[in-house]
Each structure stands twice: as C-alpha cells, then as structure tokens.
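Undergrad: Structure incoming, see below.
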Amino acid sequence: MTLYVRQELQELGYPIMYESMAGVFTEGTLHDTMILNLRMRTASRILLLLKECECDSPADLYYHTSKIAWEDIIPDKNGYVSVISAVDTPSIDNTQFANVKCKDAIVDRIRQKTGKRPDSGSDNDYTVIFLYWKDTECCIYLDTSGTPLSRRGYRMMPHSAPMRETLAAATVLATRWDKQSSFINPMCGSGTLAIEAALIATQRAPGLLRPNFGFMHVQDYNHQEWIALRENAESAIIPFESRIIASDRDTKAVQATRENAKKAGVAHLIKVSRCDFSETEIPHDNGIIMLNPEYGKRLGDDEKLLAEYQRIGNFFKQQCSGYMGYIFTGNLELAKHVGLKAKRRIEFFNADIDCRLLEFELYEGKKHINS
Ligand SMILES: C[S@@+](CC[C@H](N)C(=O)[O-])C[C@H]1O[C@@H](n2cnc3c(N)ncnc32)[C@H](O)[C@@H]1O
C-alpha cells in the first residue's frame with residue numbers, strides 16, 4: 001500500500017522524506033494534515049509527529065510524554081483524549097499499560113497546568129494520540145484522522161467480506177484505468193470497488209464524505225480553513241461520461257451497493273443489477289473488469305470455489321475480450337484455476353492475508369496459456 005500512498009503524496013506536491021513498512025513520511029503542518037485527510041484515498045491515518053524519544057521503561061514513557069505541552073493541544077472545553085498504539089518492545093509486557101501510562105502523563109500534565117482534567121477513554125472521535133514504540137525508539141503522534149480513513153462513512157450496509165475502502169481505492173489505482181472507458185465490477189458485494197472507482201473518476205475527495213476527523217479536536221483547529229478546503233475540493237469534482245457497472249447474484253448485496261453508492265453521492269454513476277457474474281453487461285469499449293471472489297477460509301470451501309474460478313476464466317476469455325481483467329484474491333491456489341496467465345501480480349495485504357491483484361490482458365484472439 002505504501003507505493004500508492006507515496007504516489008498520492010507526490011501528486012499532491014508533498015516531498016517524500018522516507019518510507020518504511022509502517023508508512024510514508026513527509027513534512028507539513030496541521031493545515032497540511034487537513035488537506036491530506038481530505039484528499040488521500042489509500043492512507044489509513046495521517047499522523048503528526050509531536051515527539052521522538054528513547055524509552056527503556058514505562059517510567060521513561062511517562063517522563064517524555066509529560067514534557068509535551070498538552071495544555072496547548074487538547075481543547076480546554078470538553079477535552080477528551082484517547083490513546084492508541086503500535087507497541088513492540090521488551091520494555092513493557094502489556095500494550096494497554098503503555099497506552100495507560102501515556103494517557104496518565106497527558107492528563108496529569110494538563111491538571112497540573114490548568115487545574116482541570118480532560119476526560120479520557122477509548123472513543124476515537126475526539127483528540128487521538130498514536131504511540132509508536134519499537135524496542136527503545138518511541139514516537140508520539142497526534143492522530144489527525146481519529147477514526148481510520150478507511151471508514152469513509154458511506155458503507156452503511158456492509159455485505160459479506162467487504163474490502164477496506166482504502167484498499168479498494170489502491171486496487172482501482174493499480175489498474176491505471178483511463179476513466180474514459182467502462183469499469184465493470186461483478187461480484188460487487190457492498191459495492192466498495194465500484195464506489196471507489198466512481199470517486200476516483202470524478203476526482204471527488206474521499207474526506208468530503210466524513211463529518212469528523214481527529215484534527216478538529218485540537219486547539220489550533222480553524223474551522224474556516226476547513227470549510228475553504230472543502231469548497232475547493234467540491235469545485236474540483238469533474239463529470240464522468242463513461243460507465244460503471246456493478247452486479248451481484250445476492251439481492252442484499254445489490255441493495256447494499258445501491259444504498260452505499262447513494263450515501264457516497266455517486267449512485268447516479270453506477271448501474272447496479274442482480275445477476276450471476278457471467279450475465280453482467282459488458283460494453284464494447286475495452287475497459288476494466290475487476291472481481292473480488294470469495295476465497296474460502298473453511299475446509300471444503302476450496303472445492304466449491306475452484307469451479308467458480310474456472311468459470312471466471314471462461315467468462316474472461318469468452319465475453320470480455322478487449323478488456324483488462326483483474327481478480328483480487330487471497331487464495332493463490334484457487335487463482336491458478338482461472339486458466340489464464342497473469343501479466344502482473346500485485347501484492348496487497350488485506351487484514352494480514354497475503355493477497356494479489358492479478359492482471360489479465362484479454363486481447364481479442366489472444367492465445368491463453370495456463371499459469
Ligand atoms: C468477497 S465478496 C465481494 C466483496 C466486495 N469486494 C466488497 O468490498 O464489498 C464476493 C461477492 O461475490 C458474490 N458472488 C459469489 N458468487 C457469485 C456469482 N456466481 N455471481 C455473482 N455474484 C457472486 C457474493 O454474493 C459476494 O457478495
């Protein structure tokens with residue numbers, strides 16, 4: 001995912017300082033975090049570094065945390081703070097204890113400085129602090145997103161095994177779709193891929209869909225700046241002339257896709273129908289077709305699904321010529337039964353499952369070779 005995060009940052013004009021498994025690092029202010037929360041499609045959280053320090057013990061963590069001027073960050077009226085973390089250090093056995101130490105240091109400092117104590121708890125809708133502690137390296141961040149950005153706010157009706165919205169956006173971007181031709185999404189489930197494709201095609205900033213972010217709960221937050229950024233993003237929306245088609249055999253999935261697309265403001269751009277994937281309408285304009293079939297976790301699932309993957313291969317060969325075909329799956333054994341040679345295999349992690357977006361060139365008259 002970091003590849004897509006990096007590309008998006010660069011397109012928005014931000015320098016890349018460095019990149020790691022944990023994320024991509026750039027430079028910016030609280031105002032920049034507002035822009036990134038509004039515009040980024042593939043990032044999970046936008047974190048603003050407050051302090052970097054060496055910690056060998058919970059006492060060290062408490063000491064360094066209490067040196068940050070929290071009284072200038074957390075609103076004095078109705079202040080509420082929560083701490084989340086990624087902790088992997090021999091200095092502490094229990095992650096929760098690290099969160100508590102960090103929270104205590106924040107609350108104690110504010111009480112000392114102001115005589116008032118902010119509320120604290122596990123609700124991530126207010127000021128959120130993100131603690132990263134690996135061995136002795138410790139970073140304390142303001143989580144300017146609050147709730148992760150994958151929760152765009154449109155998925156009121158999740159169907160079976162929906163993709164995270166940020167992951168769905170990254171897979172659509174990975175196809176390099178020209179946005180002039182059709183985007184077809186059979187087996188649409190909750191409609192995440194079709195909806196993200198519609199947001200991308202119309203340049204709709206995904207953050208327009210959310211009423212709340214972590215950055216709104218810090219003292220320096222300027223609401224007028226946020227309104228101006230939103231207006232700017234709204235004026236950047238462009239029309240989309242081509243077609244996005246979504247289908248599923250399940251009535252509830254079709255209903256979920258319609259409702260979710262409506263909530264995302266893109267229902268008018270997506271034609272949704274209930275049918276077997278093989279009956280999905282395929283316009284003759286050499287577009288993109290992407291499926292995210294189930295990939296089975298229980299014993300015996302594979303046998304049933306094997307035939308389904310074979311059918312997808314036949315459908316690609318017989319009905320989708322001229323298209324670029326994509327299958328997103330976490331089961332590479334099943335993927336072999338598609339019977340087509342993948343041109344690209346793009347690696348993604350979905351909830352710790354090693355997944356692939358497989359790309360198939362479905363040229364007319366192309367000789368298909370088993371992979
Ligand atoms: C893993 S889910 C897709 C999740 C989707 N990407 C999302 O983010 O919500 C697979 C979907 O394929 C649908 N499906 C399974 N077999 C199908 C078939 N033969 N024809 C059409 N839809 C099918 C299921 O109803 C389910 O909604």
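Please note that chains go A, B, ... in the order of the structure tokens, that every chain numbers its residues from 1, and that ligands are numbered from 1 in the order shown.
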Any idea what's packed within 10 Å of A:Tyr326, counting only C-alpha atoms, ignoring anything in its chain fewer than 3 positions away? Could you give it as number ranges by chain?

TA: A: 171-172, 175, 185, 288-292, 316, 323, 329, 342, 344-345, 356-361

Undergrad: May I have the selected residues written with C-alpha atoms, as an mmCIF file, in the first residue's frame?

TA:
data_model
loop_
_atom_site.group_PDB
_atom_site.id
_atom_site.type_symbol
_atom_site.label_atom_id
_atom_site.label_comp_id
_atom_site.auth_asym_id
_atom_site.auth_seq_id
_atom_site.Cartn_x
_atom_site.Cartn_y
_atom_site.Cartn_z
ATOM 1 C CA THR A 171 -6.529 -1.678 -6.320
ATOM 2 C CA VAL A 172 -8.510 0.612 -8.640
ATOM 3 C CA THR A 175 -5.245 -0.861 -12.751
ATOM 4 C CA ASN A 185 -17.419 -4.888 -11.097
ATOM 5 C CA ILE A 288 -11.530 -2.617 -16.872
ATOM 6 C CA ILE A 289 -13.283 -5.585 -15.306
ATOM 7 C CA MET A 290 -12.481 -6.398 -11.677
ATOM 8 C CA LEU A 291 -13.795 -9.211 -9.484
ATOM 9 C CA ASN A 292 -13.188 -9.940 -5.835
ATOM 10 C CA PHE A 316 -12.915 -13.511 -19.246
ATOM 11 C CA TYR A 323 -10.723 -5.617 -21.588
ATOM 12 C CA THR A 329 -7.904 -12.798 -4.162
ATOM 13 C CA ALA A 342 -1.398 -13.192 -15.277
ATOM 14 C CA ARG A 344 1.070 -8.638 -13.398
ATOM 15 C CA ARG A 345 0.657 -9.944 -9.839
ATOM 16 C CA ARG A 356 -2.812 -10.499 -5.001
ATOM 17 C CA LEU A 357 -4.418 -8.342 -7.614
ATOM 18 C CA LEU A 358 -3.939 -10.429 -10.746
ATOM 19 C CA GLU A 359 -3.988 -8.649 -14.073
ATOM 20 C CA PHE A 360 -5.024 -10.424 -17.283
ATOM 21 C CA GLU A 361 -4.752 -8.982 -20.755
#

Undergrad: If you run DSSP over the backbone, which residues in stretch 43-285 of chain A end up helix (DSSP H, G or I)? Put them as a PyMOL selection string.

TA: chain A and resi 58-66+70-72+95-114+165-174+192-201+206-209+214-217+223-235+251-263+267-269+277-279

Undergrad: Kindly export the residues of the current selection with C-alpha atoms, as a PDB file, in the first residue's frame.

TA:
ATOM      1  CA  PRO A  58       7.107   2.790  31.287  1.00  0.00           C
ATOM      2  CA  ALA A  59       8.610   5.469  33.567  1.00  0.00           C
ATOM      3  CA  ASP A  60      10.622   6.839  30.600  1.00  0.00           C
ATOM      4  CA  LEU A  61       7.469   6.915  28.518  1.00  0.00           C
ATOM      5  CA  TYR A  62       5.618   8.816  31.250  1.00  0.00           C
ATOM      6  CA  TYR A  63       8.505  11.291  31.600  1.00  0.00           C
ATOM      7  CA  HIS A  64       8.839  12.070  27.870  1.00  0.00           C
ATOM      8  CA  THR A  65       5.088  12.251  27.309  1.00  0.00           C
ATOM      9  CA  SER A  66       4.684  14.700  30.177  1.00  0.00           C
ATOM     10  CA  TRP A  70      -0.683  19.081  26.046  1.00  0.00           C
ATOM     11  CA  GLU A  71      -2.447  22.083  27.558  1.00  0.00           C
ATOM     12  CA  ASP A  72      -1.825  23.833  24.179  1.00  0.00           C
ATOM     13  CA  THR A  95       0.359  -2.740  25.220  1.00  0.00           C
ATOM     14  CA  GLN A  96      -2.628  -1.493  27.175  1.00  0.00           C
ATOM     15  CA  PHE A  97      -0.301  -0.494  30.002  1.00  0.00           C
ATOM     16  CA  ALA A  98       1.726   1.665  27.565  1.00  0.00           C
ATOM     17  CA  ASN A  99      -1.487   3.411  26.488  1.00  0.00           C
ATOM     18  CA  VAL A 100      -2.464   3.989  30.126  1.00  0.00           C
ATOM     19  CA  LYS A 101       0.984   5.400  31.012  1.00  0.00           C
ATOM     20  CA  CYS A 102       0.842   7.757  28.056  1.00  0.00           C
ATOM     21  CA  LYS A 103      -2.719   8.845  28.890  1.00  0.00           C
ATOM     22  CA  ASP A 104      -1.811   9.381  32.583  1.00  0.00           C
ATOM     23  CA  ALA A 105       1.114  11.625  31.610  1.00  0.00           C
ATOM     24  CA  ILE A 106      -1.172  13.720  29.371  1.00  0.00           C
ATOM     25  CA  VAL A 107      -3.956  14.055  31.924  1.00  0.00           C
ATOM     26  CA  ASP A 108      -1.585  14.722  34.866  1.00  0.00           C
ATOM     27  CA  ARG A 109       0.224  17.462  32.957  1.00  0.00           C
ATOM     28  CA  ILE A 110      -2.983  19.237  31.985  1.00  0.00           C
ATOM     29  CA  ARG A 111      -4.293  19.032  35.538  1.00  0.00           C
ATOM     30  CA  GLN A 112      -1.022  20.491  36.852  1.00  0.00           C
ATOM     31  CA  LYS A 113      -1.042  23.322  34.325  1.00  0.00           C
ATOM     32  CA  THR A 114      -4.722  24.221  34.251  1.00  0.00           C
ATOM     33  CA  GLU A 165     -12.212   1.354   1.284  1.00  0.00           C
ATOM     34  CA  THR A 166      -8.530   2.409   1.219  1.00  0.00           C
ATOM     35  CA  LEU A 167      -7.502  -0.995  -0.148  1.00  0.00           C
ATOM     36  CA  ALA A 168     -10.267  -0.920  -2.765  1.00  0.00           C
ATOM     37  CA  ALA A 169      -9.065   2.542  -3.876  1.00  0.00           C
ATOM     38  CA  ALA A 170      -5.463   1.275  -4.142  1.00  0.00           C
ATOM     39  CA  THR A 171      -6.529  -1.678  -6.320  1.00  0.00           C
ATOM     40  CA  VAL A 172      -8.510   0.612  -8.640  1.00  0.00           C
ATOM     41  CA  LEU A 173      -5.484   2.944  -8.913  1.00  0.00           C
ATOM     42  CA  ALA A 174      -3.246  -0.095  -9.578  1.00  0.00           C
ATOM     43  CA  THR A 192     -16.766  -0.784  -2.469  1.00  0.00           C
ATOM     44  CA  LEU A 193     -14.770  -1.177  -5.700  1.00  0.00           C
ATOM     45  CA  ALA A 194     -17.442   0.431  -7.884  1.00  0.00           C
ATOM     46  CA  ILE A 195     -17.902   3.309  -5.420  1.00  0.00           C
ATOM     47  CA  GLU A 196     -14.150   3.956  -5.118  1.00  0.00           C
ATOM     48  CA  ALA A 197     -13.892   3.861  -8.929  1.00  0.00           C
ATOM     49  CA  ALA A 198     -16.659   6.489  -9.125  1.00  0.00           C
ATOM     50  CA  LEU A 199     -14.925   8.700  -6.530  1.00  0.00           C
ATOM     51  CA  ILE A 200     -11.640   8.424  -8.458  1.00  0.00           C
ATOM     52  CA  ALA A 201     -13.214   9.054 -11.873  1.00  0.00           C
ATOM     53  CA  PRO A 206     -12.989  10.965  -0.130  1.00  0.00           C
ATOM     54  CA  GLY A 207     -12.786  13.152   3.001  1.00  0.00           C
ATOM     55  CA  LEU A 208     -15.815  15.138   1.791  1.00  0.00           C
ATOM     56  CA  LEU A 209     -17.916  12.225   2.990  1.00  0.00           C
ATOM     57  CA  GLY A 214      -9.131  13.994  14.810  1.00  0.00           C
ATOM     58  CA  PHE A 215      -7.661  17.362  13.708  1.00  0.00           C
ATOM     59  CA  MET A 216     -10.996  19.029  14.554  1.00  0.00           C
ATOM     60  CA  HIS A 217     -10.305  18.312  18.232  1.00  0.00           C
ATOM     61  CA  HIS A 223     -12.994  25.723  11.047  1.00  0.00           C
ATOM     62  CA  GLN A 224     -12.954  28.424   8.356  1.00  0.00           C
ATOM     63  CA  GLU A 225      -9.827  26.861   6.846  1.00  0.00           C
ATOM     64  CA  TRP A 226     -11.585  23.505   6.746  1.00  0.00           C
ATOM     65  CA  ILE A 227     -14.661  24.988   5.045  1.00  0.00           C
ATOM     66  CA  ALA A 228     -12.406  26.622   2.441  1.00  0.00           C
ATOM     67  CA  LEU A 229     -10.584  23.342   1.776  1.00  0.00           C
ATOM     68  CA  ARG A 230     -13.901  21.523   1.400  1.00  0.00           C
ATOM     69  CA  GLU A 231     -15.237  24.139  -1.026  1.00  0.00           C
ATOM     70  CA  ASN A 232     -12.075  23.892  -3.042  1.00  0.00           C
ATOM     71  CA  ALA A 233     -12.391  20.082  -3.192  1.00  0.00           C
ATOM     72  CA  GLU A 234     -16.062  20.334  -4.183  1.00  0.00           C
ATOM     73  CA  SER A 235     -15.225  22.672  -7.055  1.00  0.00           C
ATOM     74  CA  THR A 251     -30.305  -9.343  -3.512  1.00  0.00           C
ATOM     75  CA  LYS A 252     -28.898  -7.978  -0.250  1.00  0.00           C
ATOM     76  CA  ALA A 253     -25.576  -7.142  -1.921  1.00  0.00           C
ATOM     77  CA  VAL A 254     -27.365  -5.284  -4.707  1.00  0.00           C
ATOM     78  CA  GLN A 255     -29.404  -3.348  -2.145  1.00  0.00           C
ATOM     79  CA  ALA A 256     -26.249  -2.579  -0.097  1.00  0.00           C
ATOM     80  CA  THR A 257     -24.403  -1.325  -3.183  1.00  0.00           C
ATOM     81  CA  ARG A 258     -27.313   0.980  -4.115  1.00  0.00           C
ATOM     82  CA  GLU A 259     -27.608   2.369  -0.576  1.00  0.00           C
ATOM     83  CA  ASN A 260     -23.857   2.811  -0.123  1.00  0.00           C
ATOM     84  CA  ALA A 261     -23.459   4.488  -3.526  1.00  0.00           C
ATOM     85  CA  LYS A 262     -26.296   6.864  -2.630  1.00  0.00           C
ATOM     86  CA  LYS A 263     -24.621   7.748   0.649  1.00  0.00           C
ATOM     87  CA  ALA A 267     -25.465   6.442  -7.181  1.00  0.00           C
ATOM     88  CA  HIS A 268     -26.159   8.230 -10.489  1.00  0.00           C
ATOM     89  CA  LEU A 269     -22.808   6.981 -11.832  1.00  0.00           C
ATOM     90  CA  PHE A 277     -21.350 -12.550 -12.784  1.00  0.00           C
ATOM     91  CA  SER A 278     -21.353 -14.194 -16.226  1.00  0.00           C
ATOM     92  CA  GLU A 279     -24.500 -12.250 -17.200  1.00  0.00           C
TER      93      GLU A 279
END

Undergrad: From the set A:Leu334, A:Cys188, A:Leu142, A:Leu47, which residue has the shortest atom-to-atom contact distance to A:Lys271, counting only C-alpha atoms?

TA: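 Answer, going by the shortest atom-to-atom distance: A:Cys188.
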
Undergrad: Could you list, as a ChimeraX atom specification, all protein and nucleic acid residues with an atom at most 6 Å from ligand 1, counting only C-alpha atoms and all ligand atoms?

TA: /A:159-163,187-192,248-250,253,275-277,292-294

Undergrad: Pull C-alpha atoms from the residues just selected and write them as a compact mmCIF listing (two decimals), in the first residue's frame.

TA:
# COMPACT_ATOMS: atom_id res chain seq x y z
CA HIS A 159 -22.21 -7.13 2.89
CA SER A 160 -20.10 -10.30 3.18
CA ALA A 161 -16.31 -9.77 3.49
CA PRO A 162 -16.16 -6.17 2.25
CA MET A 163 -12.78 -4.74 1.26
CA MET A 187 -19.50 -9.85 -7.52
CA CYS A 188 -19.71 -6.32 -6.13
CA GLY A 189 -20.74 -7.23 -2.54
CA SER A 190 -21.19 -3.88 -0.75
CA GLY A 191 -20.08 -2.03 -3.89
CA THR A 192 -16.77 -0.78 -2.47
CA ASP A 248 -24.05 -9.44 -7.65
CA ARG A 249 -26.26 -12.51 -7.52
CA ASP A 250 -27.34 -11.68 -3.97
CA ALA A 253 -25.58 -7.14 -1.92
CA CYS A 275 -27.33 -11.45 -11.81
CA ASP A 276 -24.72 -14.16 -11.98
CA PHE A 277 -21.35 -12.55 -12.78
CA ASN A 292 -13.19 -9.94 -5.83
CA PRO A 293 -14.50 -13.50 -5.49
CA GLU A 294 -14.71 -15.23 -2.14

Undergrad: Which residues, written as a list in words, have at least one atom at most 9 Å from A:Cys320, with only C-alpha atoms counted and residues fewer than 5 positions away on the same chain left out?

TA: Ile282, His284, Asn286, Ile289, Phe315, Gly325, Leu362, Tyr363 and Glu364 of chain A

Undergrad: Just N, CA and C atoms for this one: save the residues we selected as a tab-separated table (two decimals), in the first residue's frame.

TA:
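Result went into out.tsv, see below:
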chain	number	residue	atom	x	y	z
A	282	ILE	N	-21.39	-6.12	-20.55
A	282	ILE	CA	-20.00	-5.70	-20.84
A	282	ILE	C	-20.03	-4.79	-22.08
A	284	HIS	N	-18.81	-2.52	-25.25
A	284	HIS	CA	-17.65	-2.79	-26.13
A	284	HIS	C	-16.71	-1.60	-26.14
A	286	ASN	N	-13.44	-1.74	-24.30
A	286	ASN	CA	-12.10	-2.12	-23.82
A	286	ASN	C	-11.72	-1.50	-22.48
A	289	ILE	N	-12.33	-4.75	-16.04
A	289	ILE	CA	-13.28	-5.59	-15.31
A	289	ILE	C	-12.56	-6.17	-14.08
A	315	PHE	N	-15.33	-16.88	-18.55
A	315	PHE	CA	-16.06	-15.61	-18.77
A	315	PHE	C	-15.10	-14.57	-19.34
A	325	GLY	N	-8.58	-7.54	-17.44
A	325	GLY	CA	-9.31	-8.25	-16.38
A	325	GLY	C	-8.48	-8.29	-15.11
A	362	LEU	N	-6.86	-9.29	-21.89
A	362	LEU	CA	-7.87	-10.12	-22.56
A	362	LEU	C	-8.03	-9.69	-24.02
A	363	TYR	N	-6.89	-9.63	-24.71
A	363	TYR	CA	-6.95	-9.19	-26.10
A	363	TYR	C	-7.75	-10.17	-26.93
A	364	GLU	N	-8.42	-9.61	-27.92
A	364	GLU	CA	-9.18	-10.44	-28.83
A	364	GLU	C	-8.23	-11.37	-29.58

Undergrad: What is the atom CA of A:Leu9 to atom CA of A:Ile35 distance in Å?

TA: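 Separating atom CA of A:Leu9 from atom CA of A:Ile35 is a distance of 10.6 Å.
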
Undergrad: Atom CA of A:Ala43 and atom CA of A:Ile184, how far apart in Å?

TA: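 Pair atom CA of A:Ile184 / atom CA of A:Ala43 returns 24.4 Å.
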
Undergrad: Between A:Phe25, A:Phe183, A:Trp133, A:Tyr14, which has the minimum distance to A:Glu52 (counting only C-alpha atoms)?

TA: A:Trp133

Undergrad: Apply DSSP to the structure's backbone, then extract all residues of stretch 72-189 of chain A labelled strand (DSSP E) and return them as a short mmCIF file (atom, residue, chain, number, x, y, z; two decimals) with C-alpha atoms, in the first residue's frame.

TA:
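The resulting selection_21.cif:
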data_model
loop_
_atom_site.label_atom_id
_atom_site.label_comp_id
_atom_site.auth_asym_id
_atom_site.auth_seq_id
_atom_site.Cartn_x
_atom_site.Cartn_y
_atom_site.Cartn_z
CA TYR A 80 -11.45 14.17 25.65
CA VAL A 81 -8.37 12.15 24.77
CA SER A 82 -7.80 8.55 23.71
CA VAL A 83 -4.51 6.76 23.12
CA ILE A 84 -3.94 4.04 20.54
CA SER A 85 -0.62 2.39 19.84
CA ALA A 86 1.66 0.04 17.94
CA VAL A 87 3.99 -1.30 20.65
CA ASP A 88 6.69 -3.91 20.19
CA ASP A 119 -11.87 13.17 30.02
CA SER A 120 -10.24 10.08 28.55
CA THR A 127 -8.34 14.01 20.32
CA VAL A 128 -6.48 10.82 19.43
CA ILE A 129 -2.83 10.17 20.31
CA PHE A 130 -0.91 7.47 18.48
CA LEU A 131 2.04 5.90 20.28
CA TYR A 132 4.67 4.04 18.25
CA TRP A 133 7.20 2.19 20.43
CA LYS A 134 9.62 -0.27 18.86
CA GLU A 137 12.55 4.02 19.72
CA CYS A 138 9.43 5.91 20.67
CA CYS A 139 7.34 8.38 18.63
CA ILE A 140 4.31 10.22 19.98
CA TYR A 141 1.92 11.41 17.29
CA LEU A 142 -1.31 13.31 17.07
CA ASP A 143 -3.63 11.06 15.01
CA PHE A 183 -15.31 -0.01 -15.12
CA ILE A 184 -17.14 -3.28 -14.52
CA ASN A 185 -17.42 -4.89 -11.10
#
